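Okay, my_file-v6.cif now, which holds mmCIF, C-alpha atoms:
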```
data_start
#
loop_
_atom_site.group_PDB
_atom_site.id
_atom_site.type_symbol
_atom_site.label_atom_id
_atom_site.label_comp_id
_atom_site.auth_asym_id
_atom_site.auth_seq_id
_atom_site.Cartn_x
_atom_site.Cartn_y
_atom_site.Cartn_z
ATOM 1 C CA MET A 25 42.050 38.542 -2.252
ATOM 2 C CA ILE A 26 39.656 39.107 -5.148
ATOM 3 C CA ILE A 27 38.880 35.980 -7.158
ATOM 4 C CA ILE A 28 37.803 36.892 -10.667
ATOM 5 C CA ILE A 29 35.852 34.131 -12.391
ATOM 6 C CA ILE A 30 35.247 34.349 -16.121
ATOM 7 C CA ASP A 31 34.082 31.373 -18.144
ATOM 8 C CA GLU A 32 31.942 30.647 -21.157
ATOM 9 C CA GLY A 33 28.857 30.684 -19.014
ATOM 10 C CA GLY A 34 29.509 34.247 -17.870
ATOM 11 C CA TYR A 35 29.613 35.335 -14.253
ATOM 12 C CA ASN A 36 28.756 32.781 -11.582
ATOM 13 C CA SER A 37 26.858 35.359 -9.563
ATOM 14 C CA GLU A 38 26.076 39.050 -9.242
ATOM 15 C CA LEU A 39 28.732 39.134 -6.514
ATOM 16 C CA ASP A 40 31.377 37.924 -8.990
ATOM 17 C CA LYS A 41 30.227 40.523 -11.486
ATOM 18 C CA ALA A 42 30.297 43.405 -9.002
ATOM 19 C CA SER A 43 33.720 42.381 -7.651
ATOM 20 C CA LEU A 44 35.166 42.209 -11.151
ATOM 21 C CA LEU A 45 33.738 45.568 -12.155
ATOM 22 C CA LEU A 46 35.056 47.313 -9.040
ATOM 23 C CA TYR A 47 38.462 45.766 -9.695
ATOM 24 C CA ARG A 48 38.399 46.950 -13.325
ATOM 25 C CA ILE A 49 37.307 50.448 -12.299
ATOM 26 C CA ALA A 50 40.191 50.599 -9.816
ATOM 27 C CA GLN A 51 42.574 49.570 -12.619
ATOM 28 C CA GLY A 52 41.202 52.333 -14.834
ATOM 29 C CA ILE A 53 41.585 54.984 -12.139
ATOM 30 C CA ASN A 54 45.151 53.842 -11.414
ATOM 31 C CA LYS A 55 45.913 54.119 -15.126
ATOM 32 C CA LEU A 56 44.577 57.682 -15.213
ATOM 33 C CA ILE A 57 46.721 58.579 -12.182
ATOM 34 C CA ARG A 58 49.854 57.050 -13.769
ATOM 35 C CA GLU A 59 49.268 58.932 -17.006
ATOM 36 C CA LYS A 60 48.742 62.217 -15.190
ATOM 37 C CA GLY A 61 51.889 61.518 -13.184
ATOM 38 C CA GLU A 62 53.930 60.956 -16.327
ATOM 39 C CA GLU A 63 52.640 64.246 -17.761
ATOM 40 C CA ASN A 64 53.787 66.129 -14.653
ATOM 41 C CA ASP A 65 56.902 64.081 -13.784
ATOM 42 C CA MET A 66 55.279 62.883 -10.562
ATOM 43 C CA SER A 67 54.758 59.523 -8.924
ATOM 44 C CA ALA A 68 51.296 58.283 -8.030
ATOM 45 C CA THR A 69 52.083 58.879 -4.351
ATOM 46 C CA GLN A 70 53.139 62.470 -5.053
ATOM 47 C CA ILE A 71 49.889 63.052 -6.948
ATOM 48 C CA GLN A 72 47.803 61.605 -4.131
ATOM 49 C CA THR A 73 49.663 63.782 -1.627
ATOM 50 C CA VAL A 74 48.972 66.993 -3.558
ATOM 51 C CA VAL A 75 45.312 66.031 -3.938
ATOM 52 C CA PHE A 76 45.010 65.282 -0.231
ATOM 53 C CA LEU A 77 46.722 68.484 0.923
ATOM 54 C CA SER A 78 44.552 70.528 -1.440
ATOM 55 C CA GLY A 79 41.355 69.314 0.187
ATOM 56 C CA ALA A 80 42.389 68.403 3.730
ATOM 57 C CA HIS A 81 41.241 70.066 6.918
ATOM 58 C CA PRO A 82 43.924 72.513 8.171
ATOM 59 C CA ARG A 83 44.630 70.257 11.166
ATOM 60 C CA ASN A 84 45.482 67.427 8.786
ATOM 61 C CA LYS A 85 47.997 69.240 6.611
ATOM 62 C CA ASN A 86 51.004 67.445 8.037
ATOM 63 C CA VAL A 87 53.226 64.450 7.394
ATOM 64 C CA GLY A 88 51.479 62.224 9.921
ATOM 65 C CA SER A 89 48.088 62.707 8.295
ATOM 66 C CA ILE A 90 49.541 62.047 4.848
ATOM 67 C CA ALA A 91 50.963 58.760 6.135
ATOM 68 C CA ARG A 92 47.602 57.739 7.610
ATOM 69 C CA ARG A 93 45.621 58.855 4.574
ATOM 70 C CA LEU A 94 47.835 57.104 2.034
ATOM 71 C CA GLN A 95 48.559 54.226 4.436
ATOM 72 C CA ILE A 96 52.317 54.509 4.045
ATOM 73 C CA ALA A 97 55.135 54.698 6.597
ATOM 74 C CA GLN A 98 55.806 58.137 8.054
ATOM 75 C CA PRO A 99 59.443 58.212 6.810
ATOM 76 C CA THR A 100 58.088 57.486 3.319
ATOM 77 C CA ALA A 101 55.575 60.318 3.673
ATOM 78 C CA SER A 102 58.399 62.637 4.776
ATOM 79 C CA ARG A 103 60.413 61.770 1.671
ATOM 80 C CA VAL A 104 57.392 62.395 -0.539
ATOM 81 C CA VAL A 105 56.902 65.815 1.061
ATOM 82 C CA ASP A 106 60.616 66.596 0.628
ATOM 83 C CA SER A 107 60.352 65.773 -3.070
ATOM 84 C CA LEU A 108 57.263 67.967 -3.503
ATOM 85 C CA VAL A 109 58.947 70.839 -1.671
ATOM 86 C CA GLY A 110 61.918 70.403 -3.994
ATOM 87 C CA LYS A 111 59.594 70.627 -7.004
ATOM 88 C CA GLY A 112 58.044 73.800 -5.624
ATOM 89 C CA LEU A 113 54.603 72.205 -5.341
ATOM 90 C CA VAL A 114 54.384 72.184 -1.537
ATOM 91 C CA LYS A 115 55.812 74.499 1.149
ATOM 92 C CA ARG A 116 56.289 74.186 4.897
ATOM 93 C CA GLN A 117 54.946 76.777 7.342
ATOM 94 C CA ARG A 118 55.301 77.050 11.113
ATOM 95 C CA ASP A 119 52.010 76.948 12.991
ATOM 96 C CA GLU A 120 51.445 80.436 14.425
ATOM 97 C CA LYS A 121 49.802 78.991 17.555
ATOM 98 C CA ASP A 122 52.373 76.236 18.096
ATOM 99 C CA ARG A 123 55.788 76.906 16.574
ATOM 100 C CA ARG A 124 56.778 73.276 17.097
ATOM 101 C CA ARG A 125 54.271 72.198 14.491
ATOM 102 C CA VAL A 126 54.812 72.450 10.758
ATOM 103 C CA LYS A 127 51.889 72.857 8.383
ATOM 104 C CA LEU A 128 52.080 71.919 4.733
ATOM 105 C CA GLN A 129 50.557 74.103 2.040
ATOM 106 C CA VAL A 130 50.154 73.518 -1.670
ATOM 107 C CA THR A 131 51.845 76.325 -3.621
ATOM 108 C CA GLU A 132 50.390 78.135 -6.642
ATOM 109 C CA ASP A 133 52.329 75.773 -8.900
ATOM 110 C CA GLY A 134 50.956 72.884 -6.888
ATOM 111 C CA GLN A 135 47.413 74.177 -7.331
ATOM 112 C CA GLU A 136 47.950 74.308 -11.088
ATOM 113 C CA VAL A 137 49.004 70.671 -11.021
ATOM 114 C CA LYS A 138 45.966 69.898 -8.841
ATOM 115 C CA GLU A 139 43.695 71.429 -11.478
ATOM 116 C CA GLU A 140 45.235 69.156 -14.089
ATOM 117 C CA ILE A 141 44.753 66.160 -11.815
ATOM 118 C CA ASN A 142 41.090 67.127 -11.445
ATOM 119 C CA GLU A 143 40.631 65.887 -14.992
ATOM 120 C CA ILE A 144 40.643 62.393 -13.493
ATOM 121 C CA SER A 145 37.594 63.252 -11.392
ATOM 122 C CA ARG A 146 35.879 64.802 -14.377
ATOM 123 C CA VAL A 147 36.365 61.613 -16.392
ATOM 124 C CA ILE A 148 34.796 59.554 -13.599
ATOM 125 C CA GLU A 149 31.990 62.059 -13.072
ATOM 126 C CA GLY A 150 31.273 62.013 -16.797
ATOM 127 C CA ALA A 151 30.773 58.253 -16.693
ATOM 128 C CA ILE A 152 28.490 58.439 -13.633
ATOM 129 C CA ARG A 153 26.514 61.325 -15.113
ATOM 130 C CA GLU A 154 25.137 58.913 -17.717
ATOM 131 C CA LEU A 155 23.053 57.349 -14.931
ATOM 132 C CA SER A 156 19.736 58.782 -13.768
ATOM 133 C CA VAL A 157 19.759 60.864 -10.577
ATOM 134 C CA ASN A 158 18.066 58.031 -8.693
ATOM 135 C CA ARG A 159 20.677 55.542 -9.888
ATOM 136 C CA GLN A 160 23.462 57.963 -8.946
ATOM 137 C CA GLU A 161 22.067 58.271 -5.421
ATOM 138 C CA ALA A 162 21.697 54.497 -5.105
ATOM 139 C CA LEU A 163 25.239 53.972 -6.377
ATOM 140 C CA GLY A 164 26.588 56.486 -3.883
ATOM 141 C CA GLN A 165 24.867 54.782 -0.962
ATOM 142 C CA ASP A 166 26.023 51.330 -2.068
ATOM 143 C CA LEU A 167 29.618 52.472 -2.474
ATOM 144 C CA ILE A 168 29.542 54.043 0.997
ATOM 145 C CA LYS A 169 28.583 50.652 2.433
ATOM 146 C CA VAL A 170 31.335 48.882 0.477
ATOM 147 C CA ALA A 171 33.918 51.504 1.506
ATOM 148 C CA GLY A 172 32.782 51.263 5.127
ATOM 149 C CA LYS A 173 33.254 47.497 5.122
ATOM 150 C CA LEU A 174 36.733 47.759 3.592
ATOM 151 C CA GLN A 175 37.605 50.470 6.086
ATOM 152 C CA SER A 176 36.451 48.389 9.062
ATOM 153 C CA GLN A 177 38.735 45.591 7.832
ATOM 154 C CA GLY A 178 41.713 47.967 7.719
ATOM 155 C CA HIS A 179 41.978 48.212 3.931
ATOM 156 C CA LEU A 180 41.048 51.914 3.792
ATOM 157 C CA SER A 181 42.147 54.749 6.065
ATOM 158 C CA ALA A 182 39.584 56.369 8.356
ATOM 159 C CA ALA A 183 39.315 59.424 6.153
ATOM 160 C CA LEU A 184 36.376 61.178 4.554
ATOM 161 C CA THR A 185 34.740 64.565 4.310
ATOM 162 C CA CYS A 186 32.743 65.716 7.307
ATOM 163 C CA ARG A 187 29.478 65.225 5.428
ATOM 164 C CA TYR A 188 29.965 61.451 5.416
ATOM 165 C CA CYS A 189 31.068 61.316 9.036
ATOM 166 C CA ARG A 190 28.716 60.051 11.730
ATOM 167 C CA TYR A 191 29.870 62.903 13.989
ATOM 168 C CA PHE A 192 28.701 65.513 11.465
ATOM 169 C CA GLU A 193 25.581 67.413 12.546
ATOM 170 C CA ARG A 194 24.079 69.226 9.596
ATOM 171 C CA ASN A 195 22.723 72.677 10.512
ATOM 172 C CA GLY A 196 23.822 72.090 14.104
ATOM 173 C CA GLY A 197 26.081 75.138 14.224
ATOM 174 C CA SER A 198 25.424 78.303 16.172
ATOM 175 C CA THR A 199 25.930 80.924 13.454
ATOM 176 C CA LYS A 200 24.991 81.518 9.837
ATOM 177 C CA GLU A 201 28.687 81.638 8.886
ATOM 178 C CA ARG A 202 29.323 78.245 10.569
ATOM 179 C CA PRO A 203 26.006 76.411 10.199
ATOM 180 C CA HIS A 204 27.227 72.840 10.828
ATOM 181 C CA HIS A 205 28.705 71.104 13.871
ATOM 182 C CA CYS A 206 31.272 68.365 14.585
ATOM 183 C CA LYS A 207 30.210 66.298 17.602
ATOM 184 C CA LEU A 208 33.703 64.755 17.799
ATOM 185 C CA THR A 209 35.673 67.981 18.225
ATOM 186 C CA GLY A 210 32.860 70.246 19.423
ATOM 187 C CA GLU A 211 33.596 72.765 16.661
ATOM 188 C CA ASP A 212 31.140 74.528 14.388
ATOM 189 C CA LEU A 213 31.919 74.239 10.688
ATOM 190 C CA SER A 214 31.469 76.529 7.720
ATOM 191 C CA GLU A 215 29.955 75.181 4.512
ATOM 192 C CA GLU A 216 33.420 75.039 2.908
ATOM 193 C CA GLU A 217 34.978 73.242 5.888
ATOM 194 C CA SER A 218 32.279 70.574 5.782
ATOM 195 C CA TYR A 219 33.656 69.445 2.422
ATOM 196 C CA LEU A 220 37.259 69.171 3.630
ATOM 197 C CA GLU A 221 38.754 65.762 4.277
ATOM 198 C CA TRP A 222 39.496 64.600 7.809
ATOM 199 C CA VAL A 223 41.876 61.821 8.766
ATOM 200 C CA HIS A 224 41.053 60.535 12.219
ATOM 201 C CA GLU A 225 43.771 59.088 14.429
ATOM 202 C CA GLU A 226 41.476 56.738 16.351
ATOM 203 C CA SER A 227 42.512 53.166 15.544
ATOM 204 C CA GLY A 228 39.812 51.181 13.815
ATOM 205 C CA LEU A 229 37.334 54.071 13.853
ATOM 206 C CA ASN A 230 34.563 53.337 11.359
ATOM 207 C CA MET A 231 33.489 56.765 10.229
ATOM 208 C CA ILE A 232 31.026 55.588 7.575
ATOM 209 C CA ASP A 233 27.580 54.540 8.773
#
```

Spit out the file's structure as structure tokens when you get a sec.
Amino acid sequence: MIIIIIDEGGYNSELDKASLLLYRIAQGINKLIREKGEENDMSATQIQTVVFLSGAHPRNKNVGSIARRLQIAQPTASRVVDSLVGKGLVKRQRDEKDRRRVKLQVTEDGQEVKEEINEISRVIEGAIRELSVNRQEALGQDLIKVAGKLQSQGHLSAALTCRYCRYFERNGGSTKERPHHCKLTGEDLSEEESYLEWVHEESGLNMID
């Protein structure tokens, strides 16, 4: 539970101040998501699902990964997918290698919605861009530590792009086309794949150093 203390004397400590600001930023981001949802007749969960599927690793484009990423029950994730399929924003495809598995793909209409949703990221990036490069780097490192702590306590899913994963080996790949390496799966990764989001099934796995 976050305790927000505001009195005439200001903040009691830098910790109070930082906690309050993170809470306020989260409120602002949630407001942006709600507004974008209203514009596109979508719930916040539907928006988050489209965003996730647009940037997820191919192995994670399924209902189970959506449930883990959004930290919702799998039946709830299934209903969200059904609603997005009904809206024509997501489609189901049988895995060519394993016909028992169903992959989820964002449709062209879904990609158009994703581009609109990207305005949220641009708003946030615009605010951060006001900081110097050194301050941006320091902020990024600090937020990684905060996110890692919340994740280790079970408040965030074990999900991040490969580049922030401790199993990611930069330039450890065997070819120019796939220059990076995943020490968890043993696979080499292309530059594009290294920016895709993974959701790991291991319980309690702290992926952020």

As a check of understanding, name the residues that the PyMOL selection byres ((chain A and resi 194) around 9) selects in the supplied structure, as a PyMOL selection string.
chain A and resi 187+192-193+195-197+203-206

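You will find atom CA of A:Asn142 at 19.5 Å from atom CA of A:Gly164.
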
Go through stretch 114-134 of chain A and flag each residue having an atom no more than 12 Å from stretch 69-80 of chain A; for those, report the closest pair of atoms plus their distance in Å to one decimal, using only C-alpha atoms, ordered by chain and rising number, as a tab-separated table.
```
residue	atom	partner	partner_atom	distance
A:Val114	CA	A:Val74	CA	7.8
A:Lys115	CA	A:Leu77	CA	10.9
A:Arg116	CA	A:Leu77	CA	11.8
A:Lys127	CA	A:Leu77	CA	10.1
A:Leu128	CA	A:Leu77	CA	7.4
A:Gln129	CA	A:Leu77	CA	6.9
A:Val130	CA	A:Ser78	CA	6.4
A:Thr131	CA	A:Ser78	CA	9.6
A:Glu132	CA	A:Ser78	CA	10.9
A:Asp133	CA	A:Val74	CA	10.8
A:Gly134	CA	A:Val74	CA	7.1
```

Write out as a PDB file with C-alpha atoms, in the frame of the given file each polymer residue whose atoms come within 10 Å of A:Ile141, counting only C-alpha atoms; drop sequence neighbours fewer than 3 positions from it.
```
ATOM      1  CA  LEU A  56      44.577  57.682 -15.213  1.00  0.00           C
ATOM      2  CA  ILE A  57      46.721  58.579 -12.182  1.00  0.00           C
ATOM      3  CA  GLU A  59      49.268  58.932 -17.006  1.00  0.00           C
ATOM      4  CA  LYS A  60      48.742  62.217 -15.190  1.00  0.00           C
ATOM      5  CA  GLY A  61      51.889  61.518 -13.184  1.00  0.00           C
ATOM      6  CA  ASN A  64      53.787  66.129 -14.653  1.00  0.00           C
ATOM      7  CA  ILE A  71      49.889  63.052  -6.948  1.00  0.00           C
ATOM      8  CA  GLN A  72      47.803  61.605  -4.131  1.00  0.00           C
ATOM      9  CA  VAL A  74      48.972  66.993  -3.558  1.00  0.00           C
ATOM     10  CA  VAL A  75      45.312  66.031  -3.938  1.00  0.00           C
ATOM     11  CA  GLN A 135      47.413  74.177  -7.331  1.00  0.00           C
ATOM     12  CA  GLU A 136      47.950  74.308 -11.088  1.00  0.00           C
ATOM     13  CA  VAL A 137      49.004  70.671 -11.021  1.00  0.00           C
ATOM     14  CA  LYS A 138      45.966  69.898  -8.841  1.00  0.00           C
ATOM     15  CA  ILE A 144      40.643  62.393 -13.493  1.00  0.00           C
ATOM     16  CA  SER A 145      37.594  63.252 -11.392  1.00  0.00           C
ATOM     17  CA  ARG A 146      35.879  64.802 -14.377  1.00  0.00           C
TER      18      ARG A 146
END
```

In Å to one decimal, how far is atom CA of A:Arg125 from atom CA of A:Gly210?
22.1 Å

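The space between atom CA of A:Leu39 and atom CA of A:Lys169 spans 14.6 Å.
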
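For the set A:Gln117, A:Asn54, A:Thr100, A:Asn158, the residue with the smallest atom-to-atom gap to A:Lys85 is A:Gln117, counting all atoms listed in the file.
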
Residue neighbourhood A:Glu201, 10 Å, only C-alpha atoms, exclusion window fewer than 3 positions, as an mmCIF file with C-alpha atoms, keeping the file's coordinate frame:
```cif
data_model
loop_
_atom_site.group_PDB
_atom_site.id
_atom_site.type_symbol
_atom_site.label_atom_id
_atom_site.label_comp_id
_atom_site.auth_asym_id
_atom_site.auth_seq_id
_atom_site.Cartn_x
_atom_site.Cartn_y
_atom_site.Cartn_z
ATOM 1 C CA GLY A 197 26.081 75.138 14.224
ATOM 2 C CA SER A 198 25.424 78.303 16.172
ATOM 3 C CA HIS A 204 27.227 72.840 10.828
ATOM 4 C CA ASP A 212 31.140 74.528 14.388
ATOM 5 C CA LEU A 213 31.919 74.239 10.688
ATOM 6 C CA SER A 214 31.469 76.529 7.720
ATOM 7 C CA GLU A 215 29.955 75.181 4.512
#
```
